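A.B. asks: Below is the file input39.cif, with mmCIF, C-alpha atoms.
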data_start
#
loop_
_atom_site.group_PDB
_atom_site.id
_atom_site.type_symbol
_atom_site.label_atom_id
_atom_site.label_comp_id
_atom_site.auth_asym_id
_atom_site.auth_seq_id
_atom_site.Cartn_x
_atom_site.Cartn_y
_atom_site.Cartn_z
ATOM 1 C CA MET A 1 0.000 0.000 0.000
ATOM 2 C CA THR A 2 2.895 2.349 0.578
ATOM 3 C CA ASP A 3 3.691 2.152 -3.150
ATOM 4 C CA PHE A 4 0.451 4.019 -3.729
ATOM 5 C CA LEU A 5 1.547 6.764 -1.323
ATOM 6 C CA ASP A 6 4.910 7.018 -3.086
ATOM 7 C CA PHE A 7 3.146 7.323 -6.418
ATOM 8 C CA ALA A 8 0.796 9.979 -5.020
ATOM 9 C CA VAL A 9 3.656 12.058 -3.607
ATOM 10 C CA ASN A 10 5.594 11.825 -6.888
ATOM 11 C CA PHE A 11 2.505 12.721 -8.899
ATOM 12 C CA ALA A 12 1.737 15.675 -6.644
ATOM 13 C CA GLN A 13 5.295 16.963 -6.933
ATOM 14 C CA LEU A 14 5.092 16.704 -10.720
ATOM 15 C CA CYS A 15 1.773 18.582 -10.729
ATOM 16 C CA PHE A 16 3.136 21.351 -8.501
ATOM 17 C CA ALA A 17 6.227 21.696 -10.687
ATOM 18 C CA LEU A 18 4.014 22.037 -13.782
ATOM 19 C CA ALA A 19 1.831 24.574 -11.963
ATOM 20 C CA MET A 20 4.931 26.565 -10.981
ATOM 21 C CA THR A 21 6.013 26.525 -14.630
ATOM 22 C CA CYS A 22 2.609 27.904 -15.684
ATOM 23 C CA ALA A 23 2.862 30.628 -13.044
ATOM 24 C CA ALA A 24 6.415 31.492 -14.139
ATOM 25 C CA ILE A 25 5.324 31.802 -17.778
ATOM 26 C CA ARG A 26 2.494 34.134 -16.739
ATOM 27 C CA LEU A 27 4.937 36.056 -14.530
ATOM 28 C CA LEU A 28 7.257 36.639 -17.483
ATOM 29 C CA ARG A 29 4.586 37.270 -20.117
ATOM 30 C CA GLY A 30 1.823 38.984 -18.147
ATOM 31 C CA PRO A 31 0.609 42.053 -20.045
ATOM 32 C CA ALA A 32 -0.238 44.164 -16.978
ATOM 33 C CA ALA A 33 1.357 44.531 -13.564
ATOM 34 C CA GLN A 34 -1.626 42.956 -11.794
ATOM 35 C CA ASP A 35 -1.153 39.772 -13.864
ATOM 36 C CA ARG A 36 2.391 39.510 -12.563
ATOM 37 C CA VAL A 37 1.286 39.981 -8.955
ATOM 38 C CA LEU A 38 -1.356 37.272 -9.398
ATOM 39 C CA ALA A 39 1.249 34.953 -10.928
ATOM 40 C CA LEU A 40 3.601 35.590 -7.990
ATOM 41 C CA ASP A 41 0.778 34.760 -5.571
ATOM 42 C CA THR A 42 0.130 31.435 -7.325
ATOM 43 C CA PHE A 43 3.857 30.774 -7.508
ATOM 44 C CA TYR A 44 4.525 31.047 -3.792
ATOM 45 C CA ILE A 45 1.560 28.856 -2.873
ATOM 46 C CA ASN A 46 2.789 26.161 -5.267
ATOM 47 C CA GLY A 47 6.284 26.427 -3.833
ATOM 48 C CA MET A 48 4.879 26.042 -0.332
ATOM 49 C CA LEU A 49 2.989 22.907 -1.364
ATOM 50 C CA THR A 50 6.154 21.491 -2.943
ATOM 51 C CA LEU A 51 7.953 21.992 0.369
ATOM 52 C CA LEU A 52 5.120 20.148 2.146
ATOM 53 C CA MET A 53 5.548 17.269 -0.300
ATOM 54 C CA LEU A 54 9.252 17.156 0.579
ATOM 55 C CA GLY A 55 8.248 17.066 4.247
ATOM 56 C CA ILE A 56 5.893 14.103 3.692
ATOM 57 C CA ARG A 57 8.557 12.279 1.707
ATOM 58 C CA SER A 58 11.305 12.699 4.312
ATOM 59 C CA SER A 59 8.826 12.471 7.280
ATOM 60 C CA THR A 60 10.254 15.413 9.218
ATOM 61 C CA THR A 61 8.495 18.519 10.528
ATOM 62 C CA VAL A 62 11.254 20.963 9.526
ATOM 63 C CA TYR A 63 9.619 21.656 6.176
ATOM 64 C CA PHE A 64 6.350 22.525 7.893
ATOM 65 C CA ASP A 65 7.936 25.564 9.578
ATOM 66 C CA MET A 66 9.393 26.708 6.276
ATOM 67 C CA ALA A 67 5.995 26.311 4.593
ATOM 68 C CA LEU A 68 4.342 28.366 7.338
ATOM 69 C CA LEU A 69 6.941 31.122 6.923
ATOM 70 C CA ILE A 70 6.513 31.128 3.138
ATOM 71 C CA ALA A 71 2.727 31.404 3.530
ATOM 72 C CA LEU A 72 3.115 34.329 5.955
ATOM 73 C CA PHE A 73 5.645 36.354 4.006
ATOM 74 C CA GLY A 74 4.127 35.588 0.625
ATOM 75 C CA PHE A 75 0.825 36.982 1.838
ATOM 76 C CA VAL A 76 2.536 40.115 3.123
ATOM 77 C CA GLY A 77 4.333 40.570 -0.216
ATOM 78 C CA SER A 78 1.170 40.102 -2.273
ATOM 79 C CA ILE A 79 -0.781 42.545 -0.122
ATOM 80 C CA ALA A 80 2.034 45.112 -0.327
ATOM 81 C CA LEU A 81 2.211 44.832 -4.134
ATOM 82 C CA ALA A 82 -1.574 45.052 -4.498
ATOM 83 C CA LYS A 83 -1.636 48.083 -2.204
ATOM 84 C CA PHE A 84 1.097 49.683 -4.275
ATOM 85 C CA LEU A 85 -0.896 49.125 -7.465
ATOM 86 C CA LEU A 86 -4.006 50.551 -5.812
ATOM 87 C CA ARG A 87 -2.530 53.681 -4.229
ATOM 88 C CA GLY A 88 0.936 54.251 -5.615
ATOM 89 C CA GLU A 89 2.560 53.798 -2.209
ATOM 90 C CA VAL A 90 2.592 51.022 0.360
ATOM 91 C CA ILE A 91 2.661 52.805 3.728
ATOM 92 C CA GLU A 92 0.624 55.962 3.706
ATOM 93 C CA PRO A 93 1.584 58.818 6.011
ATOM 94 C CA MET B 1 6.702 4.084 13.006
ATOM 95 C CA THR B 2 8.167 4.906 9.606
ATOM 96 C CA ILE B 3 6.324 5.808 6.447
ATOM 97 C CA ALA B 4 6.710 2.269 5.068
ATOM 98 C CA ASP B 5 4.560 0.587 7.733
ATOM 99 C CA LEU B 6 1.621 2.963 7.819
ATOM 100 C CA PRO B 7 -1.697 1.053 7.732
ATOM 101 C CA TRP B 8 -3.743 1.101 4.527
ATOM 102 C CA TRP B 9 -6.578 3.135 6.028
ATOM 103 C CA ILE B 10 -4.154 6.057 6.326
ATOM 104 C CA THR B 11 -2.254 5.744 3.059
ATOM 105 C CA LEU B 12 -5.312 5.238 0.840
ATOM 106 C CA PRO B 13 -7.228 8.429 1.796
ATOM 107 C CA ALA B 14 -3.981 10.408 2.106
ATOM 108 C CA GLY B 15 -2.857 9.384 -1.390
ATOM 109 C CA LEU B 16 -6.282 10.125 -2.881
ATOM 110 C CA LEU B 17 -6.356 13.547 -1.188
ATOM 111 C CA LEU B 18 -2.836 14.293 -2.465
ATOM 112 C CA ILE B 19 -3.783 13.406 -6.045
ATOM 113 C CA VAL B 20 -7.027 15.405 -5.936
ATOM 114 C CA GLY B 21 -5.323 18.428 -4.375
ATOM 115 C CA ALA B 22 -2.451 18.369 -6.856
ATOM 116 C CA LEU B 23 -4.850 18.138 -9.811
ATOM 117 C CA LEU B 24 -6.947 21.044 -8.461
ATOM 118 C CA THR B 25 -3.882 23.239 -8.043
ATOM 119 C CA LEU B 26 -2.622 22.336 -11.506
ATOM 120 C CA VAL B 27 -6.010 23.131 -13.078
ATOM 121 C CA GLY B 28 -6.028 26.498 -11.303
ATOM 122 C CA SER B 29 -2.569 27.395 -12.581
ATOM 123 C CA ILE B 30 -3.356 26.254 -16.140
ATOM 124 C CA GLY B 31 -6.510 28.376 -16.001
ATOM 125 C CA MET B 32 -4.418 31.364 -14.966
ATOM 126 C CA LEU B 33 -2.130 30.763 -17.921
ATOM 127 C CA ARG B 34 -4.787 30.102 -20.560
ATOM 128 C CA LEU B 35 -7.764 32.392 -19.902
ATOM 129 C CA SER B 36 -8.210 35.486 -21.997
ATOM 130 C CA HIS B 37 -8.374 38.594 -19.795
ATOM 131 C CA PHE B 38 -7.413 39.593 -16.276
ATOM 132 C CA TYR B 39 -10.829 39.356 -14.644
ATOM 133 C CA ALA B 40 -11.195 35.804 -15.967
ATOM 134 C CA ARG B 41 -7.631 34.941 -14.914
ATOM 135 C CA MET B 42 -8.395 36.158 -11.404
ATOM 136 C CA HIS B 43 -10.574 33.354 -10.111
ATOM 137 C CA PRO B 44 -8.977 29.962 -11.080
ATOM 138 C CA PRO B 45 -5.844 30.351 -8.940
ATOM 139 C CA SER B 46 -7.659 31.567 -5.836
ATOM 140 C CA MET B 47 -10.203 28.740 -6.070
ATOM 141 C CA GLY B 48 -7.688 26.049 -6.993
ATOM 142 C CA ASN B 49 -5.166 27.210 -4.419
ATOM 143 C CA THR B 50 -7.644 27.233 -1.565
ATOM 144 C CA LEU B 51 -9.142 23.823 -2.342
ATOM 145 C CA GLY B 52 -5.825 22.230 -3.331
ATOM 146 C CA THR B 53 -4.054 23.517 -0.224
ATOM 147 C CA GLY B 54 -6.921 22.232 1.925
ATOM 148 C CA CYS B 55 -6.712 18.741 0.415
ATOM 149 C CA VAL B 56 -2.905 18.534 0.577
ATOM 150 C CA LEU B 57 -2.754 19.755 4.169
ATOM 151 C CA LEU B 58 -5.468 17.288 5.203
ATOM 152 C CA ALA B 59 -3.344 14.505 3.695
ATOM 153 C CA SER B 60 -0.267 15.831 5.473
ATOM 154 C CA MET B 61 -2.185 15.882 8.760
ATOM 155 C CA LEU B 62 -3.283 12.264 8.246
ATOM 156 C CA ILE B 63 0.254 11.085 7.488
ATOM 157 C CA SER B 64 1.934 12.897 10.370
ATOM 158 C CA SER B 65 -0.781 11.682 12.763
ATOM 159 C CA GLY B 66 -0.142 8.128 11.580
ATOM 160 C CA LEU B 67 3.615 8.557 11.980
ATOM 161 C CA ALA B 68 3.354 9.936 15.517
ATOM 162 C CA SER B 69 0.507 7.537 16.582
ATOM 163 C CA ARG B 70 -1.430 10.503 18.003
ATOM 164 C CA PRO B 71 -3.458 13.343 16.467
ATOM 165 C CA VAL B 72 -1.073 15.953 15.015
ATOM 166 C CA ILE B 73 -3.074 18.917 13.779
ATOM 167 C CA HIS B 74 -0.567 21.754 13.542
ATOM 168 C CA GLU B 75 -0.925 21.809 9.732
ATOM 169 C CA ILE B 76 -4.339 23.360 10.343
ATOM 170 C CA LEU B 77 -2.460 26.634 10.952
ATOM 171 C CA ILE B 78 -1.472 26.858 7.284
ATOM 172 C CA THR B 79 -4.982 25.873 6.166
ATOM 173 C CA VAL B 80 -6.632 28.574 8.260
ATOM 174 C CA PHE B 81 -4.068 31.102 7.118
ATOM 175 C CA ILE B 82 -4.455 30.341 3.390
ATOM 176 C CA VAL B 83 -8.252 30.178 3.593
ATOM 177 C CA THR B 84 -8.433 33.581 5.284
ATOM 178 C CA THR B 85 -5.746 35.385 3.255
ATOM 179 C CA SER B 86 -6.380 34.137 -0.283
ATOM 180 C CA PRO B 87 -9.722 35.978 -0.697
ATOM 181 C CA MET B 88 -8.181 39.131 0.769
ATOM 182 C CA THR B 89 -5.375 39.099 -1.789
ATOM 183 C CA ALA B 90 -7.851 38.395 -4.598
ATOM 184 C CA MET B 91 -10.140 41.211 -3.519
ATOM 185 C CA LEU B 92 -7.342 43.784 -3.185
ATOM 186 C CA LEU B 93 -5.854 42.793 -6.564
ATOM 187 C CA MET B 94 -9.266 43.025 -8.207
ATOM 188 C CA ARG B 95 -9.815 46.497 -6.769
ATOM 189 C CA ALA B 96 -6.348 47.527 -7.942
ATOM 190 C CA ALA B 97 -7.123 46.265 -11.461
ATOM 191 C CA VAL B 98 -10.461 48.105 -11.560
ATOM 192 C CA HIS B 99 -8.761 51.246 -10.291
ATOM 193 C CA ARG B 100 -5.973 51.013 -12.862
ATOM 194 C CA SER B 101 -8.287 50.345 -15.815
ATOM 195 C CA GLY B 102 -10.508 53.237 -14.694
ATOM 196 C CA ALA B 103 -7.488 55.552 -14.488
ATOM 197 C CA ARG B 104 -6.369 54.519 -17.974
ATOM 198 C CA ALA B 105 -9.848 55.140 -19.451
ATOM 199 C CA GLN B 106 -9.920 58.570 -17.807
ATOM 200 C CA ARG B 107 -6.493 59.430 -19.216
ATOM 201 C CA GLN B 108 -7.596 58.431 -22.710
ATOM 202 C CA LEU B 109 -10.716 60.566 -22.326
ATOM 203 C CA VAL B 110 -8.633 63.595 -21.311
ATOM 204 C CA MET B 111 -6.267 63.027 -24.244
ATOM 205 C CA ARG B 112 -9.222 62.795 -26.608
ATOM 206 C CA GLN B 113 -10.646 66.054 -25.286
ATOM 207 C CA ASP B 114 -7.318 67.781 -25.843
#
Once more with this new file: its structure as structure tokens, please.

C.D. replies:
Amino acid sequence: MTDFLDFAVNFAQLCFALAMTCAAIRLLRGPAAQDRVLALDTFYINGMLTLLMLGIRSSTTVYFDMALLIALFGFVGSIALAKFLLRGEVIEP
Amino acid sequence: MTIADLPWWITLPAGLLLIVGALLTLVGSIGMLRLSHFYARMHPPSMGNTLGTGCVLLASMLISSGLASRPVIHEILITVFIVTTSPMTAMLLMRAAVHRSGARAQRQLVMRQD
């Protein structure tokens, strides 16, 4: 039965790598700035899920902390970029 | 307990959840790449990311609970965080896009009046 779990983890890693490729293509091509911010948002979530897959595969909890940090700081970065696009500055006086 | 001797009632649902979550995330990212304009590109990643992250983290919770032989639910932190922050990011980006397209239309109008 553990072969099935191995297959699932490999398949999920492949899917996340393909999804990161899609996000990277949109990040490079994206016609407007908001497309690039959206692509970056998708990119960091896929990277976080890839780290979780590594954590399942090596059965440690170190990768969980990294995934939590990536989720936190990626959210802060996306909000800052969206705020910049909305107002022209991030921290208003 | 290592990952090789997990019982089948943990590995079967965990593997199915992993596959479903990975496919959902992939479909969301492909939708973001393929759809035609920004407002259509907005919704596949936020939907796919939320659902896919939920499925993958549920599988991760199952596996780490099986490995530790007790309920380990600290992955629920990431789930709660993603579920609360993904709509906020989507909403702010959407407002920024509406604002920017409105500003561009106004500029064109002014240029036309000149």

A.B. asks: Would you mind telling me which residue in A:Ile79, A:Ile25, A:Asp65, A:Leu51 lies nearest to Ile91 (chain A) when using only C-alpha atoms?

C.D. replies: A:Ile79

A.B. asks: Do you know which residues the PyMOL selection byres ((chain A) within 7 of (chain B)) returns on this file, as a list in words?

C.D. replies: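 Going through the file, the PyMOL selection byres ((chain A) within 7 of (chain B)) ends up selecting Met1, Thr2, Phe4, Leu5, Ala8, Val9, Phe11, Ala12, Cys15, Phe16, Ala19, Cys22, Ala23, Arg26, Gln34, Asp35, Thr42, Ile56, Leu68, Phe75, Ser78, Ile79, Ala82, Leu85 and Leu86 of chain A.
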
A.B. asks: Using all atoms listed in the file, which of A:Leu27, A:Ala33, A:Met48, A:Met53 sits nearest Met66 (chain A)?

C.D. replies: A:Met48

A.B. asks: As an exercise, work out the distance from CA of Thr50 (chain A) to CA of Leu58 (chain B) in Å and give it to one decimal place.

C.D. replies: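 So the answer is 14.8 Å.
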
A.B. asks: Please compute the CA of Val72 (chain B)-CA of Ser59 (chain A) distance, one decimal, in Å.

C.D. replies: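 The value is 13.0 Å.
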
A.B. asks: Hey, can you check how far CA of Leu109 (chain B) sits from CA of Val37 (chain A)?

C.D. replies: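 Distance reported for this atom pair: 27.3 Å.
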